[in-house]
Each structure stands twice: as structure tokens, then as C-alpha cells.
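Please read the structure below before turning to the comments.
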Amino acid sequence: MKILEFFSKYQKFIITSGVCLAAVAFFSGVLAIGIIFSVFLGAITLLFIGKNKEHAKVLGLLFIIVFTIHILASLFVYYTNFQPFSGGRGDFTEYNIIAKEVSNRVHSGNFSLEGIESLSHYYPVIVGYLYAVAVPDLLIGELFNAWLLAVLVIVIYFIVLETGASKKAAFIVGLVTNFYPSLVFFGSLLLKEALAGLLCALALLMMLKILKEFSWRKFLLFYIILLGVTHFRFYISYALALTFIICWLAFSNLKIKKRLLYGVLIIALLGFLPNLSGGQGEGHTYFGVNVIKQLLDPEAIVTYKETYIPRNESEIPEDIQGAVVSGEPGASNQSVIIEPIPRNDSAVVIKPGFENPITFFTNTSRAFVSVLLGPFPWQLKKIQHLFVLPEIIAWYILLFFIIRGVVKSIKKQYRVIVPLALFSFIVCGVLSIFLINYGITIRIRIPAILSLLCLLPLGFTGFKNINVSFLNNLNKYIS
């Protein structure tokens, strides 16, 4: 009966949608399936959002705006093959191949992953199962990423609320996050950035909630999320774990004796993350001590810095010409593959400086500034690099307000500010030691930038008095 009433109420819309979908299917069956797939994901998400009565309207509006924009971005990248930096080469091509193989195996009744080469994590496996359900085409994976990014923005919304900001401020930060160029671009490709970013944001949200009011149930959820982060980006997970340990010991809401007792148990449990995560954590010892030793070896640091410096094509063996950098520090597939473009085109050459502690500190500090603020305009050597310029200018402006807010609010909001800022500092610190190729840096630093963006309302008190017609018309949704 309810179904008939629903159909009667929305009869024209349903018929019109069906006709439009049939017309789309006539020209592109893949696009039609992609639309159905996106509508399904959107409907399920809105159903869950509707259960949160307090934030349902603003979250629903935010999700629809963000999901729509990222769908359009994915379609643009898919149909134009927009690849201004890598020339159409990258991890996403490998992931697509693996996902199709997984899909073929599923259809043949083979659910084993044995024998699949270059499988260091399960992101392409997840996409492969989506291929098996929908259609084995790159578009499905990119639309899945669009959905992940929309959910990520919702999580950012809740993190901003933890800072004491209003719904309106959280909504605006969500929109700002939505237009973060690196996130939009890399999230529109078949890369794990969207999934890794979402898991990282969830971990930050749970961290703030645990520090505010501890429960083992919250910690269990935090731990499970950290397992996912460790699997996809173990060094981001280490940054999260280290941030949590420091902040827990410094200002958990528990009394000092209980805090220390629980802290010992928590630290002991965090040590098993690399062993339990699989993928990039597979084979790691307790707390990943073996990997940490390898990565902190001076020769290893030099190797990674040299690996991520693009070189002239004449210096590359013929059998790997045309490839791109695919290995990551500590990943299980640490193959040295070098992108054949001029050495200085996308790299900031800052040597570690192991000659003495002062040189090392100075060079690492310079690299840290480059990671956080770079690439600087004078480092953009090619026309296609200018795509990064708007992001750089916007980031400098936003960072000013973020720093202003941190200075003004640190005494009252330290339980929120310190974890978010410390996590970003650790991530940028790790990247400054190992990476100097800004093409890779702007991709991997995304979680650090997102974390800092959550502090934006603290320094932008004008959020409450913004006089923009679009936002003023949303007052019935946002208070």
C-alpha cells in the first residue's frame, strides 16, 4: 500500500527519470549503470542521515551538494582522461587491472587472491567486487570514490562540531573541504586517497570523542578504524597512534592513576596494529619495529629521497621507461620505479644532511616548510603545474585564519586543537624526512591538511556574520 502511495505521489518524477535513464543507456550502458549505482549509494546514505534528527537537514543538504559535485568531477576525469601531471600513467591503472581480474575471478566462482601480482592492499579488491556487482569499468570505481569523499565531508562536519563551532560553521568547512583541489583531483581517480582519507577522518573524530569522554566501546571502534588506516597507509596510522598516546597521557578526562593504567594497556594494544592489519602491515613485528629501523636508516632515507626525484629519461633503463613512482616508504612492494621527466620539474632537492645534527635539523626544517606550504610558485616549472597555484594561494589564506584561531583558542580548546595540530605536524614531519617530490607530497599530505581545516572556524569568527545570499537562504536548515 505504501509503495502504491509513493508511486502515485512521485509518478511523474519516476516516469521522467526512467525515460531519461533509458535515453542515457541507449548511448552508454556503463553510464546508465553508473547513475543507478550512484543513486543507490546516495539513497542508502540519506537513509542513515535521516536517522540523525538533530543534523538530518543540514547533513542531507551537504551530502547532496558534495556528492553531486564529486560525481561531476569523476565524470569529467573519466570522459576527458584529464591527467595533466602523469600523462595518464599511475597507480590507478594498475588498480583497475587488478580490480578487473578480481571481478573475473568472482564471476567464475574463484574468490582467492592468490597469484595476483602487485597486490599490496585491498583497495583494488574492494573495487573489484563492485565491478562484479555492477560492471567492470573504471567509472564504477571513480563513482565509488565520489561517494567516499561525500561521506568524508560529513565526518569533517562532525569533527568541526567537536571544536565547539556552530552547524553553519561546520557546513561551510564541509564546503571548503569539498573544493580542496588535491582531494577533488586525486579522489576522482581510482586511487586509495578517498578511502584512506575517510578512515583517517573517522579515526580523528573518535580520538577527540575518547579524549573528551573515554569508554572501551569508543576505543574498540577507534582501534578497528586504525587497523584500516594501517592497512592502507601505515605511516599515517603511526601518526594517529602517536598523537593519541601523547594526548591521552597529557589530558585525558580520566584521573591520573586511571589514565596511566589504561594508557599502559592501550599502548600495548596499539603495538599489534601492524601485525593485525594485513597488507602493508603484513610481516611487521610488534609496533612495526623492524620497519621503523629500516626507514630510519640513513641509507634508506637517502634512497627514498633519490627514488622520488624524477630523472632524465636517458638515465632510466629502457625496460622501465614510461613508468611512474609506485612504491611508498615501508610498503610491501618497494620497487624503485622512476618517472621520466626532468629532475627539477617536480622535486625540491633538499639533502638529509647527515653530516652533523645542525645540518640535518636545518635541512629537515626546510623540507617541513616545503611539505606544509609547497610547492611554492617559483617551483612550478611547467604549464600544467599551474593547476596547483589556486590551491597554494587559498591554502596560505586559510592557514592564516587557522593559526590565528589556534593562538586565540589554545587555552580553552586545547583538547581539540592539540590532537588535530599535532597529527598534522607529525605527518608533515614524516613526509619532510622521506619525500621531496611535491607531486607525491600534495597527495599524501591530504589527511594533514584536512585535519588543520577543521580548526578554521576558531580563527574565522566572521562565520557567524557572513552575509552571503546563498547561506542566508539556508538559515532554515542551518542554525
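Residues in the C-alpha cells are numbered from 1 in each chain, the chains being A, B, ... in the order shown, and ligands are numbered from 1 in the order shown.
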Which region 210-271 of chain A residues have any atom within 12 Å of an atom of region 446-451 of chain A, and for each, what is the nearest pair of atoms with distance in Å to one decimal, counting only C-alpha atoms, rows sorted by chain and number, as JSON lines?
```
{"residue": "A:Val229", "atom": "CA", "partner": "A:Pro447", "partner_atom": "CA", "distance": 11.2}
{"residue": "A:Arg233", "atom": "CA", "partner": "A:Pro447", "partner_atom": "CA", "distance": 10.8}
{"residue": "A:Tyr235", "atom": "CA", "partner": "A:Pro447", "partner_atom": "CA", "distance": 11.6}
{"residue": "A:Ile236", "atom": "CA", "partner": "A:Pro447", "partner_atom": "CA", "distance": 8.2}
{"residue": "A:Ser237", "atom": "CA", "partner": "A:Pro447", "partner_atom": "CA", "distance": 10.9}
{"residue": "A:Ala239", "atom": "CA", "partner": "A:Ala448", "partner_atom": "CA", "distance": 10.0}
{"residue": "A:Leu240", "atom": "CA", "partner": "A:Ala448", "partner_atom": "CA", "distance": 10.5}
```
Quiz item: Residues at most 12 Å from Ala421 (chain A), counting only C-alpha atoms, excluding those fewer than 5 positions away in the same chain, as JSON, numbers by chain?
Solution: {"A": [204, 239, 240, 243, 244, 247, 399, 402, 403, 405, 406, 407, 410, 413, 414, 415, 416, 426, 427, 428, 447, 448, 449, 450, 451, 452, 453, 454, 455, 456]}
Dump N, CA and C atoms for the selected residues as a compact mmCIF listing (two decimals), in the first residue's frame?
```
# COMPACT_ATOMS: atom_id res chain seq x y z
N LEU A 204 40.30 10.42 13.61
CA LEU A 204 40.45 11.70 14.31
C LEU A 204 39.19 12.03 15.11
N ALA A 239 51.18 8.01 12.85
CA ALA A 239 50.99 9.40 13.28
C ALA A 239 49.75 9.52 14.16
N LEU A 240 48.68 8.83 13.78
CA LEU A 240 47.46 8.84 14.59
C LEU A 240 47.69 8.21 15.95
N THR A 243 49.95 10.43 18.11
CA THR A 243 49.17 11.59 18.55
C THR A 243 48.24 11.20 19.69
N PHE A 244 47.58 10.06 19.54
CA PHE A 244 46.64 9.61 20.56
C PHE A 244 47.36 9.32 21.88
N CYS A 247 48.43 12.67 23.54
CA CYS A 247 47.28 13.44 24.03
C CYS A 247 46.56 12.71 25.15
N LEU A 399 45.32 29.09 6.04
CA LEU A 399 46.27 28.79 7.12
C LEU A 399 46.45 29.98 8.05
N ILE A 402 43.65 29.75 10.41
CA ILE A 402 43.83 28.59 11.27
C ILE A 402 44.82 28.90 12.40
N ILE A 403 45.96 29.49 12.04
CA ILE A 403 46.97 29.86 13.04
C ILE A 403 46.41 30.90 14.00
N GLY A 405 43.31 31.28 14.84
CA GLY A 405 42.36 30.61 15.73
C GLY A 405 43.05 29.78 16.79
N VAL A 406 44.13 29.10 16.40
CA VAL A 406 44.88 28.28 17.36
C VAL A 406 45.46 29.16 18.47
N VAL A 407 46.05 30.29 18.11
CA VAL A 407 46.65 31.19 19.09
C VAL A 407 45.58 31.74 20.04
N ILE A 410 43.77 28.28 22.09
CA ILE A 410 44.52 27.13 22.58
C ILE A 410 44.26 26.86 24.06
N GLN A 413 40.49 25.45 24.19
CA GLN A 413 40.15 24.33 23.31
C GLN A 413 41.33 23.39 23.06
N TYR A 414 42.26 23.30 24.01
CA TYR A 414 43.47 22.52 23.77
C TYR A 414 43.19 21.04 23.53
N ARG A 415 42.11 20.51 24.12
CA ARG A 415 41.79 19.08 23.93
C ARG A 415 41.42 18.77 22.48
N VAL A 416 41.00 19.76 21.74
CA VAL A 416 40.67 19.58 20.33
C VAL A 416 41.81 20.05 19.43
N ILE A 426 53.05 15.80 12.75
CA ILE A 426 53.77 14.53 12.63
C ILE A 426 53.77 14.04 11.19
N VAL A 427 52.60 14.12 10.52
CA VAL A 427 52.51 13.68 9.13
C VAL A 427 53.46 14.47 8.25
N CYS A 428 53.42 15.79 8.38
CA CYS A 428 54.32 16.64 7.58
C CYS A 428 55.78 16.39 7.93
N PRO A 447 45.46 14.10 4.41
CA PRO A 447 44.89 13.98 5.76
C PRO A 447 45.38 15.07 6.71
N ALA A 448 46.64 15.49 6.58
CA ALA A 448 47.17 16.55 7.45
C ALA A 448 46.47 17.88 7.18
N ILE A 449 46.24 18.19 5.92
CA ILE A 449 45.56 19.45 5.56
C ILE A 449 44.11 19.42 6.03
N LEU A 450 43.44 18.29 5.85
CA LEU A 450 42.05 18.16 6.30
C LEU A 450 41.95 18.36 7.81
N SER A 451 42.91 17.81 8.53
CA SER A 451 42.90 17.95 9.98
C SER A 451 43.00 19.41 10.39
N LEU A 452 43.87 20.18 9.73
CA LEU A 452 44.01 21.60 10.05
C LEU A 452 42.79 22.40 9.63
N LEU A 453 42.17 22.02 8.52
CA LEU A 453 40.97 22.74 8.06
C LEU A 453 39.85 22.68 9.09
N CYS A 454 39.82 21.63 9.89
CA CYS A 454 38.78 21.51 10.92
C CYS A 454 38.90 22.60 11.99
N LEU A 455 40.06 23.23 12.07
CA LEU A 455 40.28 24.29 13.05
C LEU A 455 39.96 25.67 12.49
N LEU A 456 39.55 25.73 11.25
CA LEU A 456 39.31 27.01 10.58
C LEU A 456 38.32 27.92 11.31
```
Quiz item: Between A:Trp216, A:Phe186, A:Phe434, A:Tyr129, which is the closest to Gln83 (chain A) once you count only C-alpha atoms?
Solution: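 Between A:Trp216, A:Phe186, A:Phe434, A:Tyr129, the residue approaching Gln83 (chain A) most closely is A:Phe186.
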Self-check item: Separation of CA of Trp248 (chain A) from CA of Val155 (chain A), in Å and rounded to one decimal
Solution: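 According to the coordinates, CA of Trp248 (chain A) and CA of Val155 (chain A) are separated by 21.7 Å.
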